[in-house]
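The structure appears right after this line, and notes come after that.
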Amino acid sequence: MFLGTYAPKLDDKGRVILPAKFREQLSTGIVMTRGQEHCLYVFTTRAFEELHEKIKQAPITSKQGRDFLRVFTSGASAETPDSQNRVTIPANLRSYAGLDRELTVIGAGDRVEIWDTETWDLYLAEQETSFANTTEEVIPGLF
């Protein structure tokens, strides 16, 4: 499971050093792709394959399913960390997520997310207030 928040920097070649706590799980390869709220999702190769199998279950007649599959997979990039635990974030994904030098990398359970720090800070400020004020059950059976 991926947990925590980290603040690595994007280097001039578009690479980021993976947080130490994530390295072992991601060492054999990753798939990064577009995520919701204009962040990037990073999966282990196996987790991405499992997720792809679930996405493929959508009926081919579902326009929303086809659209999601196309956007999700067309932006995907398989990467392998180098000997210094860096991965290159392709230019199209950096552009999608608005990534500059300052990054925020979060563990989101089954995946890692990469955010532009300013975007993350704004998102988190808004969501923390909503989270703190939640008075009804959001996920059935959780609390």
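Each chain of the structure tokens is named A, B, ... in the order shown, its residues numbered from 1; ligands are numbered from 1 in display order.
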
Exercise. Write out as number ranges by chain all residues of chain A that backbone DSSP assigns to helix (DSSP H, G or I).
Key: A: 20-26, 36-38, 45-55, 63-74, 91-97, 117-132

Per-residue nearest contacts of segment 35-122 of chain A to segment 22-31 of chain A (6 Å; only C-alpha atoms) as a tab-separated table:
```
residue	atom	partner	partner_atom	distance
A:Val42	CA	A:Val31	CA	5.7
A:Phe43	CA	A:Val31	CA	5.3
A:Thr44	CA	A:Ile30	CA	4.6
A:Thr45	CA	A:Ile30	CA	5.0
A:Ser77	CA	A:Val31	CA	5.5
A:Ala78	CA	A:Val31	CA	4.4
A:Glu79	CA	A:Ile30	CA	5.4
A:Thr80	CA	A:Gly29	CA	4.4
```

Quiz item: Nearest to Tyr6 of chain A among A:Ser95, A:Ser74, A:Thr104, A:Ser62, with distances taken over only C-alpha atoms: which residue is it?
Solution: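 Between A:Ser95, A:Ser74, A:Thr104, A:Ser62, the residue approaching Tyr6 of chain A most closely is A:Thr104.
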
Quiz item: With only C-alpha atoms as the atoms that count, which of A:Arg111, A:His38, A:Arg101, A:Arg46 lies nearest to Asp12 of chain A?
Solution: A:Arg101

Exercise. Work out how far atom CA of Lys13 of chain A is from atom CA of Phe48 of chain A, in Å to one decimal.
Key: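 Atom-to-atom, atom CA of Phe48 of chain A and atom CA of Lys13 of chain A are spaced 25.1 Å apart.
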
Quiz item: So how many Å separate atom CA of Gly107 of chain A and atom CA of Gly4 of chain A, to one decimal?
Solution: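 Separation of atom CA of Gly107 of chain A and atom CA of Gly4 of chain A: 5.2 Å.
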
Quiz prompt | Straight-line distance linking atom CA of Gly109 of chain A with atom CA of Thr135 of chain A, stated in Å to one decimal | solution =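 Atom-to-atom, atom CA of Gly109 of chain A and atom CA of Thr135 of chain A are spaced 23.4 Å apart.
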
Exercise. Give me the residues within 10 Å of Leu69 of chain A as a PyMOL selection string, counting only C-alpha atoms and dropping any in the same chain fewer than 6 places off.
Key: chain A and resi 52+55-56+58+63

Would you mind exporting the chosen residues as a PDB file, in the first residue's frame, restricted to N, CA and C atoms?
```pdb
ATOM      1  N   HIS A  52      -6.759  -2.457 -16.011  1.00  0.00           N
ATOM      2  CA  HIS A  52      -7.138  -2.488 -17.426  1.00  0.00           C
ATOM      3  C   HIS A  52      -8.149  -3.600 -17.685  1.00  0.00           C
ATOM      4  N   ILE A  55     -11.480  -2.291 -16.551  1.00  0.00           N
ATOM      5  CA  ILE A  55     -11.998  -1.260 -17.448  1.00  0.00           C
ATOM      6  C   ILE A  55     -12.558  -1.896 -18.717  1.00  0.00           C
ATOM      7  N   LYS A  56     -11.895  -2.938 -19.213  1.00  0.00           N
ATOM      8  CA  LYS A  56     -12.345  -3.615 -20.430  1.00  0.00           C
ATOM      9  C   LYS A  56     -13.712  -4.272 -20.266  1.00  0.00           C
ATOM     10  N   ALA A  58     -16.363  -2.861 -19.377  1.00  0.00           N
ATOM     11  CA  ALA A  58     -17.430  -1.950 -19.802  1.00  0.00           C
ATOM     12  C   ALA A  58     -17.904  -2.382 -21.185  1.00  0.00           C
ATOM     13  N   LYS A  63     -20.486   4.604 -24.724  1.00  0.00           N
ATOM     14  CA  LYS A  63     -19.611   5.685 -25.180  1.00  0.00           C
ATOM     15  C   LYS A  63     -18.735   6.179 -24.036  1.00  0.00           C
TER      16      LYS A  63
END
```

Self-check item: Spatial neighbours of Ala7 of chain A, max dist 9 Å, only C-alpha atoms, sep filter under 5 positions, as a list in words
Solution: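 With the cut-off at 9 Å, the set is Pro19, Glu102, Leu103, Thr104, Val105, Ile106 and Thr117 of chain A.
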
Write the residues of the preceding selection, restricted to N, CA and C atoms, as a PDB file, in the first residue's frame.
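File result_12.pdb, as written:
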```
ATOM      1  N   PRO A  19      10.002   8.440  -4.085  1.00  0.00           N
ATOM      2  CA  PRO A  19      10.178   8.432  -2.640  1.00  0.00           C
ATOM      3  C   PRO A  19      10.722   7.079  -2.171  1.00  0.00           C
ATOM      4  N   GLU A 102       8.366  22.024  -8.889  1.00  0.00           N
ATOM      5  CA  GLU A 102       7.880  21.637  -7.559  1.00  0.00           C
ATOM      6  C   GLU A 102       6.754  20.615  -7.684  1.00  0.00           C
ATOM      7  N   LEU A 103       6.986  19.420  -7.159  1.00  0.00           N
ATOM      8  CA  LEU A 103       6.004  18.343  -7.230  1.00  0.00           C
ATOM      9  C   LEU A 103       5.551  17.926  -5.838  1.00  0.00           C
ATOM     10  N   THR A 104       4.370  17.365  -5.786  1.00  0.00           N
ATOM     11  CA  THR A 104       3.904  16.667  -4.594  1.00  0.00           C
ATOM     12  C   THR A 104       3.540  15.258  -5.043  1.00  0.00           C
ATOM     13  N   VAL A 105       4.102  14.280  -4.370  1.00  0.00           N
ATOM     14  CA  VAL A 105       3.838  12.877  -4.663  1.00  0.00           C
ATOM     15  C   VAL A 105       3.122  12.303  -3.452  1.00  0.00           C
ATOM     16  N   ILE A 106       1.950  11.724  -3.691  1.00  0.00           N
ATOM     17  CA  ILE A 106       1.189  11.161  -2.575  1.00  0.00           C
ATOM     18  C   ILE A 106       0.953   9.671  -2.789  1.00  0.00           C
ATOM     19  N   THR A 117       2.695  21.018  -7.212  1.00  0.00           N
ATOM     20  CA  THR A 117       2.530  21.363  -5.797  1.00  0.00           C
ATOM     21  C   THR A 117       1.462  22.421  -5.570  1.00  0.00           C
TER      22      THR A 117
END
```

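Nearest residue to Arg34 of chain A among A:Pro81, A:Pro8, A:Gly75, A:Gly98 is A:Gly75, counting only C-alpha atoms.
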
Quiz item: When distances are computed from only C-alpha atoms, which of A:Leu99, A:Leu40, A:Ala76, A:Ile60 shows the smallest separation from Ile114 of chain A?
Solution: A:Leu40

Quiz item: So which residues of chain A fall under strand (DSSP E or B) by DSSP, listed as number ranges by chain?
Solution: A: 2, 5-6, 9-10, 15-17, 30-34, 40-44, 77-79, 86-88, 102-107, 109, 112-116
